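Remarks on the structure that follows.
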Amino acid sequence: MLNWQSYWHSETLRVFLVACAVLTVASSIAMVLRWRIAKGQPHAVIDNLVARINAWWWMVGLLGAAFLFKRDGVIVLFALISFLALREFITLTQTRRGDHAALAVSFFIALPVQFFLIWIEWYGLWSILIPVYAFLLLPILAALSADTTRFLERAAKVQWGLMICVFCLSHVPALVTLEIRDYGTRNLLLIAFLIIVVQGSDVLQYIFGKLFGKHLLAPALSPSKTWEGLIGGILCATALGAALYRLTPFTLLQAASIAFVICLMGFLGGLVMSAIKRDRGVKDWGHLIEGHGGVLDRIDSLVFAAPIYFHVIRFWWT
Amino acid sequence: MFERLFAQAIVSFARTLTGVHAWWRQPLPARPGRVYFGNHNSHGDFVLLWSCLTAHERYRTRPVAGADYWNSSALKRYVASRVFRALLIDRTKAAPGEQRPDPVQQMAAALAAGDSLILFPEGTRNLSDQKLLPFKSGLFHVQETHPDAELVPVWISNLNRVMPKGELIPLPLICSVHFGAPLTKVAGEDKATFLARAQSALLDLDPDRDHA
């Protein structure tokens, strides 16, 4: 329900305004850098930085708009992100004509049904729809097409696309369905906490890597990940999570530990997704977001962190 | 007016479904009389190529298509002639004594009138596992009769996965269209050499050629 008045006074709005303030600072710094260092000329690193910050403005704007519509807005937004991520994943994955039916079911049935089940809060079914039922149905459809070339490999790829881009990601909007003791209707803030900490960790790893990065962490996977970036980024993001503990049902120490765990998962998720990109010989998943590559490049860490975060809260706080 | 709206709707649908991204090897300033030639896997090929052009370019770029298919019903004929302004070529054998317009002359006339063309030199849709079928000679003859025309190779990537032959539901996969540099004319080149050169210029644009 859209309720301007309650939104105006809410913590969600304050979080949104703080995000805008941070971006304003970032944009100003980028402007100074462009002026002082690049002197108005094209400059690869600074131009990329500006593109990234501008994309962040868009992303914060979209999230803010979705939060305005509360639970429904968040579910719709993440269903859309899921769709864009899945199409990037499948586009880059080699499938054959025999996978057409399985892919059509993934896009047009599994994806919408998953988010519909979250919308009606049927946890018992949405938590097994893809890992159990889609897992069985998709290879059946592929087998019916009678194309056996690289069969297991193809079945695994379609299954993986759905698991990563739809099932795992759907845990983010599913956070609004949790009933947490003494937390009332503040669940959107759980999502804000997750996104701020995980994306903050990515940004901080990038900044620490650019400023102090010397020792490559996984040269076979990524030329930009360094030990300095990882340690600085995750420690700072953990501190950021701790500082935000008032938004959550966690104590200060709990908030810090949870932030640490989701940052680590996010980092490892980025590593896994880089391995897939390396295997396919590409640098980015897509080209939708200038400066970031594809949607999947931006949300890879969120995808790996969200289910863990969801289950930690579901197990200990509901 | 209505035809333009119709065309715009088709282009918007193609763009949304495929999230198409156009890649240009080099900027191609607007100029009349250009021949875009591409690989042909899908009925949607020319629509996708078309949707990557600016609106201004699009209105004067005409797909070259088979008359036998597009004249087979009133609706198809309307769409082909009014919406796409297709240049229809008769691919069937003429009866003895029957006068048929010469396809090469038809194309040359369109180019001379300032229109651009979209041509699929394989002649038919490629449903094989090969990257390209052998080119028909049309492209060579167009260059002979209209040496001023810029011949631009265009590789259309992934559209065959969006809607494989015989399937009803299109998949929303991301497609890309890769525009190459125009071929430069080599004096005295024979037909086979020219066609081989055009074919390899096109294959060079395929982003998957290294890890297929």
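FYI, nothing fancy with the structure tokens labels: chains A, B, ... in order, residues from 1 per chain, ligands from 1 as they appear.
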- Message: Could you tell me which residues of chain B sit within 9 Å of chain A when counting only C-alpha atoms, and give me the result as an NGL selection string?
- Response: :B and (19 or 21 or 158 or 161-165 or 167 or 169-175 or 211-212)
Export of the given selection (all heavy atoms) as a short mmCIF file (atom, residue, chain, number, x, y, z; two decimals), in the first residue's frame:
data_model
loop_
_atom_site.label_atom_id
_atom_site.label_comp_id
_atom_site.auth_asym_id
_atom_site.auth_seq_id
_atom_site.Cartn_x
_atom_site.Cartn_y
_atom_site.Cartn_z
N GLY B 19 16.67 -7.37 -25.74
CA GLY B 19 17.61 -6.43 -25.13
C GLY B 19 18.79 -6.15 -26.05
O GLY B 19 19.93 -6.06 -25.60
N HIS B 21 21.84 -5.27 -28.36
CA HIS B 21 22.93 -4.32 -28.25
C HIS B 21 23.66 -4.28 -29.59
O HIS B 21 24.00 -5.31 -30.13
CB HIS B 21 23.88 -4.77 -27.13
CG HIS B 21 24.81 -3.69 -26.69
ND1 HIS B 21 25.79 -3.19 -27.50
CD2 HIS B 21 24.93 -3.02 -25.52
CE1 HIS B 21 26.45 -2.25 -26.85
NE2 HIS B 21 25.95 -2.12 -25.64
N ASN B 158 22.87 -14.81 -31.71
CA ASN B 158 21.96 -15.35 -30.69
C ASN B 158 20.48 -15.41 -31.07
O ASN B 158 19.71 -16.06 -30.38
CB ASN B 158 22.09 -14.58 -29.36
CG ASN B 158 22.29 -15.52 -28.19
OD1 ASN B 158 22.51 -16.71 -28.38
ND2 ASN B 158 22.20 -15.00 -26.99
N ARG B 161 18.68 -18.61 -31.16
CA ARG B 161 18.32 -19.27 -29.91
C ARG B 161 17.01 -18.71 -29.34
O ARG B 161 16.35 -19.37 -28.54
CB ARG B 161 19.42 -19.08 -28.87
CG ARG B 161 20.67 -19.90 -29.15
CD ARG B 161 21.74 -19.57 -28.15
NE ARG B 161 21.40 -20.03 -26.81
CZ ARG B 161 21.90 -19.50 -25.70
NH1 ARG B 161 22.72 -18.47 -25.76
NH2 ARG B 161 21.57 -19.99 -24.53
N VAL B 162 16.67 -17.48 -29.71
CA VAL B 162 15.44 -16.87 -29.20
C VAL B 162 14.23 -17.65 -29.68
O VAL B 162 13.33 -17.95 -28.92
CB VAL B 162 15.35 -15.40 -29.63
CG1 VAL B 162 13.98 -14.83 -29.37
CG2 VAL B 162 16.42 -14.58 -28.91
N MET B 163 14.26 -18.00 -30.95
CA MET B 163 13.12 -18.73 -31.50
C MET B 163 13.58 -19.72 -32.55
O MET B 163 13.54 -19.44 -33.74
CB MET B 163 12.12 -17.74 -32.10
CG MET B 163 10.82 -18.42 -32.38
SD MET B 163 9.49 -17.32 -31.97
CE MET B 163 8.15 -18.23 -32.66
N PRO B 164 14.01 -20.91 -32.11
CA PRO B 164 14.44 -21.91 -33.08
C PRO B 164 13.27 -22.34 -33.96
O PRO B 164 12.11 -22.21 -33.55
CB PRO B 164 14.92 -23.07 -32.21
CG PRO B 164 15.00 -22.56 -30.82
CD PRO B 164 14.06 -21.40 -30.74
N LYS B 165 13.58 -22.85 -35.11
CA LYS B 165 12.55 -23.29 -36.05
C LYS B 165 11.62 -24.30 -35.37
O LYS B 165 12.05 -25.19 -34.65
CB LYS B 165 13.22 -23.96 -37.24
CG LYS B 165 12.28 -24.29 -38.40
CD LYS B 165 13.08 -24.97 -39.50
CE LYS B 165 12.21 -25.73 -40.46
NZ LYS B 165 11.33 -24.90 -41.27
N GLU B 167 9.50 -23.79 -32.96
CA GLU B 167 9.06 -23.46 -31.60
C GLU B 167 8.07 -22.31 -31.64
O GLU B 167 8.14 -21.45 -32.51
CB GLU B 167 10.26 -23.08 -30.72
CG GLU B 167 11.32 -24.16 -30.59
CD GLU B 167 10.86 -25.34 -29.75
OE1 GLU B 167 9.79 -25.23 -29.10
OE2 GLU B 167 11.56 -26.37 -29.73
N ILE B 169 7.15 -20.42 -28.63
CA ILE B 169 7.38 -19.40 -27.62
C ILE B 169 8.80 -18.85 -27.76
O ILE B 169 9.76 -19.60 -27.67
CB ILE B 169 7.23 -20.01 -26.21
CG1 ILE B 169 5.88 -20.72 -26.10
CG2 ILE B 169 7.38 -18.94 -25.14
CD1 ILE B 169 5.77 -21.59 -24.88
N PRO B 170 8.94 -17.53 -27.96
CA PRO B 170 10.29 -16.98 -28.03
C PRO B 170 10.90 -16.86 -26.64
O PRO B 170 10.20 -16.59 -25.67
CB PRO B 170 10.08 -15.59 -28.65
CG PRO B 170 8.67 -15.26 -28.38
CD PRO B 170 7.90 -16.52 -28.17
N LEU B 171 12.19 -17.11 -26.53
CA LEU B 171 12.87 -16.93 -25.25
C LEU B 171 13.45 -15.53 -25.20
O LEU B 171 13.95 -15.03 -26.20
CB LEU B 171 14.03 -17.93 -25.12
CG LEU B 171 13.66 -19.41 -25.07
CD1 LEU B 171 14.93 -20.25 -24.99
CD2 LEU B 171 12.77 -19.69 -23.86
N PRO B 172 13.39 -14.89 -24.03
CA PRO B 172 13.89 -13.51 -23.95
C PRO B 172 15.40 -13.44 -23.78
O PRO B 172 15.89 -12.87 -22.83
CB PRO B 172 13.16 -12.98 -22.71
CG PRO B 172 12.95 -14.18 -21.86
CD PRO B 172 12.80 -15.36 -22.78
N LEU B 173 16.17 -14.04 -24.68
CA LEU B 173 17.63 -14.01 -24.55
C LEU B 173 18.20 -12.74 -25.17
O LEU B 173 17.58 -12.14 -26.05
CB LEU B 173 18.24 -15.23 -25.22
CG LEU B 173 17.76 -16.58 -24.68
CD1 LEU B 173 18.44 -17.71 -25.42
CD2 LEU B 173 18.04 -16.67 -23.19
N ILE B 174 19.39 -12.36 -24.72
CA ILE B 174 19.99 -11.12 -25.20
C ILE B 174 20.68 -11.36 -26.54
O ILE B 174 21.46 -12.29 -26.68
CB ILE B 174 21.02 -10.60 -24.18
CG1 ILE B 174 20.34 -10.38 -22.83
CG2 ILE B 174 21.65 -9.30 -24.67
CD1 ILE B 174 21.31 -10.17 -21.70
N CYS B 175 20.35 -10.54 -27.51
CA CYS B 175 20.97 -10.65 -28.83
C CYS B 175 21.92 -9.50 -29.05
O CYS B 175 21.80 -8.45 -28.41
CB CYS B 175 19.91 -10.60 -29.93
SG CYS B 175 18.79 -12.01 -29.85
N HIS B 211 35.50 -19.49 -29.20
CA HIS B 211 35.18 -20.55 -28.24
C HIS B 211 33.78 -21.10 -28.51
O HIS B 211 32.91 -21.05 -27.68
CB HIS B 211 35.31 -20.05 -26.81
CG HIS B 211 34.69 -18.72 -26.57
ND1 HIS B 211 35.38 -17.56 -26.66
CD2 HIS B 211 33.43 -18.38 -26.27
CE1 HIS B 211 34.57 -16.56 -26.42
NE2 HIS B 211 33.38 -17.02 -26.18
N ALA B 212 33.63 -21.60 -29.72
CA ALA B 212 32.29 -22.09 -30.09
C ALA B 212 32.02 -23.45 -29.46
O ALA B 212 32.89 -24.12 -29.00
CB ALA B 212 32.17 -22.20 -31.60
#
- Task: Once DSSP has gone over the backbone, tell me which residues of stretch 97-302 of chain A are in alpha helix (DSSP H), as a PyMOL selection string.
- Result: chain A and resi 100-105+111-119+123-128+135-144+151-162+171-174+188-212+227-243+252-280+295-302
- Query: Neighbours of B:Ala7 within 12 Å (only C-alpha atoms; same-chain residues fewer than 2 positions away dropped), as a count of residues only?
  - Reply: 25
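Closest approach to A:Lys277 among A:Thr93, A:Ser82, A:Asn54, A:Thr148: A:Thr93, based on only C-alpha atoms.
Closest approach to B:Arg197 from the set B:Gly166, B:Phe140, B:His146, B:Thr16 is made by B:Phe140, with distances taken over only C-alpha atoms.
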- Task: Kindly give the distance, in Å, that separates atom CA of A:Gly124 and atom CA of A:Phe310, rounded to a single decimal.
- Result: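 So the two atoms, atom CA of A:Gly124 and atom CA of A:Phe310, lie 14.6 Å apart.
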- Message: Show me, as a list of chain:residue names, the residues that have an atom within 10 Å of B:Glu150 when counting only C-alpha atoms, minus same-chain residues fewer than 5 positions from it.
- Response: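 In the requested form, the answer reads B:Arg31, B:Pro32, B:Gly33, B:Arg34, B:Val35, B:Tyr36, B:Ser116, B:Gln143, B:Ala181, B:Pro182, B:Leu183, B:Thr184, B:Lys185.
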For the selection just defined, write its residues with C-alpha atoms to a file, as a CSV table (one decimal), in the first residue's frame.
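Output file out_1.csv is given in full below:
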chain,number,residue,atom,x,y,z
B,31,ARG,CA,24.8,8.0,-46.3
B,32,PRO,CA,22.5,6.8,-49.0
B,33,GLY,CA,22.9,3.6,-50.9
B,34,ARG,CA,24.4,1.1,-48.4
B,35,VAL,CA,24.0,-2.7,-48.5
B,36,TYR,CA,24.0,-4.3,-45.1
B,116,SER,CA,19.8,1.2,-48.4
B,143,GLN,CA,28.8,-4.4,-56.4
B,181,ALA,CA,33.7,-2.0,-41.6
B,182,PRO,CA,32.5,-1.6,-45.2
B,183,LEU,CA,34.3,-3.7,-47.7
B,184,THR,CA,36.6,-1.8,-49.9
B,185,LYS,CA,36.5,-2.5,-53.6
- Message: Between A:Arg52, A:His215, A:Arg34, A:His311, which residue has the minimum interatomic distance to A:Arg298, considering only C-alpha atoms?
- Response: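 The answer is A:Arg52, which sits nearest to A:Arg298.
Within 10 Å of A:Thr24, once only C-alpha atoms are used and residues closer than 5 positions along the same chain are dropped, the contacting residues are Val18, Ala19, Ile29, Ala30, Ile53 and Trp57 of chain A.
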